Amino acid sequence: MKIAIITSGGDSAGMNAVVRSIVKCGILKGCEMWIVREGYEGLVRGNTEHADKLAESSTAEAEHSVEDAIHAHSEDISSQTPPDRNLLHNLRFGDGDLLRDGTSEYVGGRTLKGRYIVRVGWDDVRGWFSEGGTLIGTARSAAFRKPEGRVAAAHNLIKEGIDALVVCGGDGSLTGADLFRSEWPEIIKKLHSDNLITDAQLKKHTHLKLVGLVGSIDNDMSMTDLTIGAPTALQRICEAIDNINSTAYSHSRAFVVEVMGRDCGWLALLAGVAGGADFIFIPERPPKTDPWEDQMCAEIHQHREVGKRKTIVIVAEGAHDQNLNPIRADHIKDVLTDRLGLDTRVTTLGHTQRGGRPCAVDRILPTLQGVDAVEALLEAEPGTPTYMIGVQENKITRVPLMDAVKMTRAVATAVKEKNFDRALALRGTEFNEMLAAFHATSSFPDKSSKLPEKKRLRIGIVHMGAPAGGINAATRAAVRYCIQQGHTALTIHNGFKGLLDDSVDTPTWLGVDAWMARGGSELGTNRTLPSVDLGTVASKFQQFKFDAFMMIGGFEAFNALLILQEGRKHYPAFHIPMVHLPATISNNVPMTEYSLGSDTSLNALVDACDSIKQSASASRNRVFVVETQGGQCGYIATMGALAVGASLVYTPETGINLDMLRRDVRFLRTRYSLDVPGKSEGRLVIKNEASSKVYTTEVMTTMLKEEGGTLFDARSAQLGHTLQGGVPSPMDRVRAVRLSLRCMAFIEQHHELLAKQGPAKSRQAIPESAAIITIQGSSVQWVPVQEMVPHADMKNRRGKTNWWAGVKDLVEQLAGKPQFLGIP
Ligand code: ATP
């Protein structure tokens, strides 16, 4: 199959990762890979004859280079099987250097001038991961909107023999793609009757295989939780808000921050939650009161009354009131200045939000989606619908593209018809949950928000194990929710030790205000388990009259929950709802695919490795062995390796042995020997700290140095505690809020069940009331602690199975390991 990739519409971070992933996966599956420059415009323009001739010389040059490589290889490593000629061709083929430089000038016999559809090879897309935007260019094409433009586009594809297309863009681009595919049979008939294609071409190109990926910073596409580029845009917005927060606090100012998102409020809403904003304006839910100015001023006035020194209002660029009159940042500023007397400034973030360097999710997600896109193309039959590759929680999904586009359009229609309830319903559960979360954590409570006296609970909250990004955000959300409902949140300092020392307090609404963006653990945390003195722990539960208990932490918290649950046999005080919200950078809690902190940690790893790789590349041929934390769990090493494009990854689950090392050394030697002379790059080997007691990072580095000979040098870097990250990532913050509020709902529900049994002393809690909140595939699920035990490897403190186990192979495949060793 010959597959071409297009990026179209507005650029977004992660589009390069899409191209990289699809090019590499396609080559691995034996496909010939092409890219289309400048979106649909490039498809319509195609390649001029003159450019085709020049491309031929480029092809000849590539052939030449393959012969050189095989020759050099046989001299270098004579004992080894030379790599597959076809693979080498793919490796050397392309015009990646030209693409990367973005030049359209004639350079040394090769040029992109007049060439919009270009074949690319493996090495052309290397290092694309860390670059923002799209290196193959994008455009808005008026020509493609016209039938003649699409006929020209089809002709250009057929001329190059391309039979499959991957389009990465927003809803407009994907609508265009679907239209193109549906018109295809008519178009080729026309091309044939106009004698523009031969009988053989007509026969070969009866159908166009097409898959769509959603690249858009707006996260406005229905039927997928995330669009490629949205997490990076959110990160840029939150960085800006974090910075604004400190100056706003210093001067006691108000800031109105305008964010992008077109007709979608996702960026504004999530930035509102993650940035701890006071008020937000989004298109899907305009303020309910008319005039809205009253509602906003009343809320902000309340916040100021309780002592808040700063005010942040976030307005989506598409925001409007109930009557669809636009709400503008400048007007909000005037209202805050005139009515509340606040010194107010406006910050319009503009194109800085488009991203730049992609965050970890915007590397991992496009890579996994790219793999699926190639598989979808290979599986496609004439009758299969055009799929859009999406994601639901942690699961890569395929949905009919037009269903998703239709649903997306329906939101816009609902808004136009002022049917905001429908618009919100169409945005999906997560969006609605986040909106509820924003109100629960930002609005100051009034009497009407409180539950009746007898439903109010005293909820103990404790942090356990090592700090992880998002634990403070989760605690802040729980505390604010409690205050809003009339519950009492009792925060315990320094884990179970602190509980035994009566180090417990009741935080105020304002007291937790700044916790959202704070790393570390505001409560203090340690690894002491309740078994240290279970009887006294039970008596403390009684002393503080806990009606429910929430633990935020890693494997220890799971262990602690197990101990408390088993302690119910002896201590009535534990017959209350008890929950564990997983938070650990190791992501080693069994059965959950995600723990708070793991996203922050992956971002820290990506930042560090981007710098290391730069240094490794500057020295041309250096391998860096990068050691990560993670205890006996290889999650962070493996997903980190995927996010930085490492060549090899070592985990405790697989361990390290001599055979493995021998093969890996051979792979690196082969790989370096095939680099174009003078164009070698730095390569990364990611190794979890506990992968082997014998083959330590030091041993491996020395060994690689020795074995690299003249081909490559080796160095090591230990990331250590830097992986805990400084400021928690926005994704960790928003998930912290969402999951924390789910914990509160769980507690209320189970308390209600228990209360039906009568007085507290005689209550018998069911096993299901001591549970861990997990993300499994596409859903959030509660797992009773007892049910988790069979899935836990208690000795190694990790799950018995890992959803990411196959990712190690993928990392090494994308580095070319099996192919460069001549292994099929
Ligand atoms: P973003 O969300 O970043 O704006 P988008 O893909 O929605 O991305 P658009 O400008 O709507 O951006 O579309 C990009 C290109 O896709 C258009 O310039 C046009 O060439 C093509 N396109 C969009 N809609 C159609 C359509 N209905 N028919 C044919 N082509 C279309």
# chains A, B, ... in the order shown; residues from 1 in each chain; ligands from 1
$ residues_around --residues "Phe544 of chain A" --least-positions-apart "4" --cutoff "9 Å" --atoms "only C-alpha atoms" --output "number ranges by chain"
A: 458, 460, 490, 502, 504, 539-540
$ write_last_selection --atoms "N, CA and C atoms" --output "PDB file, in the first residue's frame"
ATOM      1  N   ARG A 458     -18.205  13.950  58.549  1.00  0.00           N
ATOM      2  CA  ARG A 458     -16.834  14.354  58.908  1.00  0.00           C
ATOM      3  C   ARG A 458     -15.904  13.407  58.136  1.00  0.00           C
ATOM      4  N   GLY A 460     -12.157  12.311  56.959  1.00  0.00           N
ATOM      5  CA  GLY A 460     -10.709  12.377  57.169  1.00  0.00           C
ATOM      6  C   GLY A 460      -9.995  12.255  55.826  1.00  0.00           C
ATOM      7  N   LEU A 490     -11.457  16.893  57.455  1.00  0.00           N
ATOM      8  CA  LEU A 490     -10.419  16.885  58.494  1.00  0.00           C
ATOM      9  C   LEU A 490      -9.130  16.417  57.834  1.00  0.00           C
ATOM     10  N   ASP A 502      -2.388  13.395  66.677  1.00  0.00           N
ATOM     11  CA  ASP A 502      -3.494  14.381  66.631  1.00  0.00           C
ATOM     12  C   ASP A 502      -3.189  15.567  65.725  1.00  0.00           C
ATOM     13  N   VAL A 504      -4.272  16.999  63.144  1.00  0.00           N
ATOM     14  CA  VAL A 504      -5.448  17.020  62.263  1.00  0.00           C
ATOM     15  C   VAL A 504      -6.051  18.417  62.323  1.00  0.00           C
ATOM     16  N   SER A 539      -8.953   4.173  67.526  1.00  0.00           N
ATOM     17  CA  SER A 539      -9.433   5.096  68.557  1.00  0.00           C
ATOM     18  C   SER A 539      -9.384   6.539  68.055  1.00  0.00           C
ATOM     19  N   LYS A 540      -8.417   6.843  67.178  1.00  0.00           N
ATOM     20  CA  LYS A 540      -8.352   8.191  66.605  1.00  0.00           C
ATOM     21  C   LYS A 540      -9.526   8.427  65.643  1.00  0.00           C
TER      22      LYS A 540
END
$ residues_near_ligand --ligand "ligand 1" --cutoff "6 Å" --atoms "only C-alpha atoms and all ligand atoms" --output "PyMOL selection string"
chain A and resi 8-10+40+140-142+144-145+169-173+175-176+216
$ closest_residue --among "A:Lys454, A:Leu668, A:Met464, A:Gly132" --to "Ala755 of chain A" --atoms "only C-alpha atoms"
A:Lys454
$ residues_around --residues "Glu239 of chain A" --least-positions-apart "4" --cutoff "10 Å" --atoms "only C-alpha atoms" --output "ChimeraX atom specification"
/A:233-235,243-245,271,275,517,727,729-730
$ write_last_selection --atoms "N, CA and C atoms" --output "short mmCIF file (atom, residue, chain, number, x, y, z; two decimals), in the first residue's frame"
data_model
loop_
_atom_site.label_atom_id
_atom_site.label_comp_id
_atom_site.auth_asym_id
_atom_site.auth_seq_id
_atom_site.Cartn_x
_atom_site.Cartn_y
_atom_site.Cartn_z
N ALA A 233 -1.92 22.84 24.44
CA ALA A 233 -2.50 24.19 24.51
C ALA A 233 -2.94 24.49 25.95
N LEU A 234 -3.55 23.50 26.58
CA LEU A 234 -3.99 23.68 27.97
C LEU A 234 -2.78 23.94 28.88
N GLN A 235 -1.71 23.23 28.59
CA GLN A 235 -0.50 23.41 29.40
C GLN A 235 0.03 24.85 29.26
N ASN A 243 1.61 32.04 36.12
CA ASN A 243 2.45 33.24 36.19
C ASN A 243 1.63 34.47 36.56
N ILE A 244 0.47 34.56 35.96
CA ILE A 244 -0.40 35.72 36.24
C ILE A 244 -0.83 35.71 37.71
N ASN A 245 -1.09 34.50 38.22
CA ASN A 245 -1.54 34.37 39.62
C ASN A 245 -0.60 35.09 40.58
N ALA A 271 -8.98 25.16 31.87
CA ALA A 271 -8.03 26.14 32.42
C ALA A 271 -8.63 26.75 33.69
N GLY A 275 -6.52 26.18 36.75
CA GLY A 275 -5.90 27.43 37.16
C GLY A 275 -6.55 28.02 38.40
N ALA A 517 -1.98 24.56 42.13
CA ALA A 517 -0.76 24.53 41.30
C ALA A 517 0.47 24.11 42.09
N VAL A 727 5.81 21.80 39.20
CA VAL A 727 4.39 22.19 39.18
C VAL A 727 3.59 21.06 38.54
N SER A 729 1.10 18.99 36.28
CA SER A 729 0.59 19.29 34.94
C SER A 729 -0.91 19.56 35.01
N PRO A 730 -1.43 20.34 34.07
CA PRO A 730 -2.87 20.61 34.07
C PRO A 730 -3.69 19.32 33.99
#
$ closest_residue --among "A:Arg328, A:Lys333, A:Lys817, A:Lys189" --to "Thr670 of chain A" --atoms "only C-alpha atoms"
A:Lys817
$ atom_distance --atom1 "atom CA of Glu49 of chain A" --atom2 "atom CA of Gly26 of chain A"
27.0 Å
$ residues_around --residues "Arg742 of chain A" --least-positions-apart "5" --cutoff "10 Å" --atoms "only C-alpha atoms" --output "PyMOL selection string"
chain A and resi 433+437+478+581+736-737+747-748+773+780+782
$ write_last_selection --atoms "N, CA and C atoms" --output "mmCIF file, in the first residue's frame"
data_model
loop_
_atom_site.group_PDB
_atom_site.id
_atom_site.type_symbol
_atom_site.label_atom_id
_atom_site.label_comp_id
_atom_site.auth_asym_id
_atom_site.auth_seq_id
_atom_site.Cartn_x
_atom_site.Cartn_y
_atom_site.Cartn_z
ATOM 1 N N GLU A 433 -19.039 16.885 33.742
ATOM 2 C CA GLU A 433 -18.446 16.609 35.051
ATOM 3 C C GLU A 433 -17.458 17.717 35.422
ATOM 4 N N ALA A 437 -17.506 20.294 38.417
ATOM 5 C CA ALA A 437 -16.316 20.378 39.267
ATOM 6 C C ALA A 437 -15.863 21.823 39.415
ATOM 7 N N ALA A 478 -11.557 18.180 47.343
ATOM 8 C CA ALA A 478 -12.349 17.495 48.378
ATOM 9 C C ALA A 478 -12.729 18.478 49.490
ATOM 10 N N LEU A 581 -7.601 7.126 46.398
ATOM 11 C CA LEU A 581 -7.407 7.759 45.093
ATOM 12 C C LEU A 581 -5.932 7.596 44.714
ATOM 13 N N ALA A 736 -7.301 15.173 38.979
ATOM 14 C CA ALA A 736 -7.338 15.132 40.442
ATOM 15 C C ALA A 736 -8.685 15.645 40.934
ATOM 16 N N VAL A 737 -9.119 16.742 40.360
ATOM 17 C CA VAL A 737 -10.390 17.340 40.793
ATOM 18 C C VAL A 737 -11.543 16.393 40.469
ATOM 19 N N ILE A 747 -18.458 8.343 48.719
ATOM 20 C CA ILE A 747 -18.557 8.376 50.182
ATOM 21 C C ILE A 747 -19.994 8.692 50.605
ATOM 22 N N GLU A 748 -20.588 9.692 49.965
ATOM 23 C CA GLU A 748 -21.965 10.077 50.331
ATOM 24 C C GLU A 748 -22.941 8.922 50.085
ATOM 25 N N ILE A 773 -10.513 3.968 43.409
ATOM 26 C CA ILE A 773 -11.052 4.487 42.146
ATOM 27 C C ILE A 773 -10.013 4.252 41.054
ATOM 28 N N VAL A 780 -14.200 4.775 34.217
ATOM 29 C CA VAL A 780 -13.760 4.926 35.603
ATOM 30 C C VAL A 780 -14.514 3.870 36.415
ATOM 31 N N TRP A 782 -14.893 1.565 40.236
ATOM 32 C CA TRP A 782 -14.536 1.347 41.640
ATOM 33 C C TRP A 782 -14.185 -0.120 41.846
#
$ residues_around --residues "segment 646-648 of chain A" --least-positions-apart "3" --cutoff "9 Å" --atoms "only C-alpha atoms" --output "compact mmCIF listing (two decimals) with N, CA and C atoms, in the first residue's frame"
# COMPACT_ATOMS: atom_id res chain seq x y z
N GLY A 640 7.71 6.86 29.13
CA GLY A 640 8.67 7.93 28.89
C GLY A 640 9.47 7.65 27.63
N ALA A 641 9.88 6.39 27.46
CA ALA A 641 10.65 6.01 26.27
C ALA A 641 9.82 6.24 25.01
N LEU A 642 8.52 5.95 25.11
CA LEU A 642 7.65 6.16 23.95
C LEU A 642 7.53 7.67 23.66
N ALA A 643 7.48 8.45 24.75
CA ALA A 643 7.28 9.90 24.58
C ALA A 643 8.53 10.62 24.08
N ASP A 664 21.08 -6.01 21.96
CA ASP A 664 20.86 -4.56 21.96
C ASP A 664 22.11 -3.81 21.49
N LEU A 668 22.39 -1.35 18.27
CA LEU A 668 22.91 0.02 18.26
C LEU A 668 24.06 0.17 17.26
N ARG A 683 21.25 9.08 20.74
CA ARG A 683 20.15 8.13 20.99
C ARG A 683 20.00 7.91 22.49
N LEU A 684 18.78 7.59 22.89
CA LEU A 684 18.51 7.44 24.31
C LEU A 684 18.17 5.99 24.65
N VAL A 685 18.68 5.55 25.77
CA VAL A 685 18.30 4.26 26.32
C VAL A 685 17.68 4.59 27.68
N ILE A 686 16.44 4.20 27.89
CA ILE A 686 15.79 4.54 29.16
C ILE A 686 15.79 3.29 30.03
N LYS A 687 16.23 3.47 31.26
CA LYS A 687 16.38 2.30 32.12
C LYS A 687 15.77 2.60 33.49
N LYS A 808 6.68 -1.55 25.34
CA LYS A 808 8.15 -1.73 25.24
C LYS A 808 8.51 -2.17 23.81
N VAL A 811 8.09 0.74 21.39
CA VAL A 811 9.21 1.69 21.47
C VAL A 811 10.36 1.18 20.60
N GLU A 812 10.68 -0.10 20.78
CA GLU A 812 11.84 -0.64 20.08
C GLU A 812 11.58 -0.83 18.59
N GLN A 813 10.31 -1.10 18.27
CA GLN A 813 9.97 -1.19 16.84
C GLN A 813 10.11 0.17 16.17
N LEU A 814 9.64 1.22 16.89
CA LEU A 814 9.72 2.56 16.30
C LEU A 814 11.16 3.05 16.23
N ALA A 815 12.03 2.41 17.00
CA ALA A 815 13.46 2.73 16.89
C ALA A 815 14.08 1.85 15.80
N GLY A 816 13.31 0.90 15.31
CA GLY A 816 13.78 0.06 14.20
C GLY A 816 14.52 -1.19 14.64
N LYS A 817 14.40 -1.54 15.92
CA LYS A 817 15.25 -2.64 16.42
C LYS A 817 15.13 -3.95 15.63
$ decode --residues "segment 223-318 of chain A" --atoms "C-alpha atoms" --output "short mmCIF file (atom, residue, chain, number, x, y, z; two decimals), in the first residue's frame"
data_model
loop_
_atom_site.label_atom_id
_atom_site.label_comp_id
_atom_site.auth_asym_id
_atom_site.auth_seq_id
_atom_site.Cartn_x
_atom_site.Cartn_y
_atom_site.Cartn_z
CA MET A 223 -16.79 11.10 20.23
CA THR A 224 -13.22 11.54 21.42
CA ASP A 225 -12.05 12.71 24.84
CA LEU A 226 -9.00 14.50 23.51
CA THR A 227 -7.84 16.00 20.25
CA ILE A 228 -4.16 16.09 19.37
CA GLY A 229 -2.66 19.37 20.56
CA ALA A 230 -5.36 20.25 23.10
CA PRO A 231 -3.33 19.04 26.15
CA THR A 232 -0.31 21.13 25.07
CA ALA A 233 -2.50 24.19 24.51
CA LEU A 234 -3.99 23.68 27.97
CA GLN A 235 -0.50 23.41 29.40
CA ARG A 236 0.55 26.71 27.81
CA ILE A 237 -2.59 28.42 29.13
CA CYS A 238 -2.05 27.08 32.64
CA GLU A 239 1.60 28.13 32.64
CA ALA A 240 0.42 31.63 31.77
CA ILE A 241 -2.28 31.61 34.46
CA ASP A 242 0.19 30.33 37.07
CA ASN A 243 2.45 33.24 36.19
CA ILE A 244 -0.40 35.72 36.24
CA ASN A 245 -1.54 34.37 39.62
CA SER A 246 1.61 35.50 41.34
CA THR A 247 1.52 39.03 39.96
CA ALA A 248 -2.24 39.25 40.57
CA TYR A 249 -1.67 38.21 44.17
CA SER A 250 1.19 40.67 44.68
CA HIS A 251 -0.85 43.67 43.51
CA SER A 252 -4.23 42.29 44.57
CA ARG A 253 -5.36 42.65 40.97
CA ALA A 254 -7.98 41.07 38.78
CA PHE A 255 -7.03 39.53 35.44
CA VAL A 256 -9.29 38.67 32.56
CA VAL A 257 -7.64 36.00 30.46
CA GLU A 258 -8.97 35.35 26.97
CA VAL A 259 -8.30 31.88 25.62
CA MET A 260 -8.82 30.21 22.24
CA GLY A 261 -11.24 27.40 21.47
CA ARG A 262 -13.49 28.87 18.77
CA ASP A 263 -17.00 27.60 19.54
CA CYS A 264 -15.81 25.17 22.18
CA GLY A 265 -15.33 25.99 25.85
CA TRP A 266 -13.06 23.04 26.70
CA LEU A 267 -9.85 25.07 27.00
CA ALA A 268 -11.52 27.80 29.05
CA LEU A 269 -13.30 25.30 31.29
CA LEU A 270 -10.28 23.12 32.01
CA ALA A 271 -8.03 26.14 32.42
CA GLY A 272 -10.62 27.45 34.88
CA VAL A 273 -10.47 24.24 36.89
CA ALA A 274 -6.69 23.76 36.68
CA GLY A 275 -5.90 27.43 37.16
CA GLY A 276 -8.23 27.87 40.12
CA ALA A 277 -10.13 30.69 38.36
CA ASP A 278 -12.96 32.63 39.99
CA PHE A 279 -15.30 32.82 37.04
CA ILE A 280 -15.41 31.45 33.49
CA PHE A 281 -17.36 32.23 30.34
CA ILE A 282 -17.88 29.38 27.85
CA PRO A 283 -20.14 29.21 24.80
CA GLU A 284 -22.01 26.06 25.87
CA ARG A 285 -23.20 27.46 29.19
CA PRO A 286 -23.63 31.23 29.28
CA PRO A 287 -24.29 32.74 32.74
CA LYS A 288 -27.87 31.99 33.70
CA THR A 289 -28.75 35.42 35.05
CA ASP A 290 -29.52 38.40 32.91
CA PRO A 291 -27.63 40.67 33.11
CA TRP A 292 -24.71 38.31 33.68
CA GLU A 293 -22.64 41.16 35.09
CA ASP A 294 -24.63 40.91 38.35
CA GLN A 295 -23.88 37.22 38.78
CA MET A 296 -20.19 37.63 38.09
CA CYS A 297 -19.80 40.63 40.40
CA ALA A 298 -21.73 38.91 43.21
CA GLU A 299 -19.47 35.85 43.09
CA ILE A 300 -16.23 37.76 42.84
CA HIS A 301 -17.33 40.14 45.56
CA GLN A 302 -17.88 37.14 47.87
CA HIS A 303 -14.40 35.82 47.11
CA ARG A 304 -12.90 39.20 47.93
CA GLU A 305 -14.98 39.43 51.11
CA VAL A 306 -13.41 36.26 52.50
CA GLY A 307 -9.96 37.65 51.81
CA LYS A 308 -8.93 36.61 48.29
CA ARG A 309 -6.27 38.97 47.03
CA LYS A 310 -6.48 37.98 43.40
CA THR A 311 -9.20 37.41 40.85
CA ILE A 312 -8.91 35.40 37.65
CA VAL A 313 -11.70 35.41 35.06
CA ILE A 314 -11.31 33.22 31.98
CA VAL A 315 -13.23 33.99 28.85
CA ALA A 316 -13.39 31.71 25.83
CA GLU A 317 -13.05 33.55 22.52
CA GLY A 318 -16.50 32.26 21.50
#
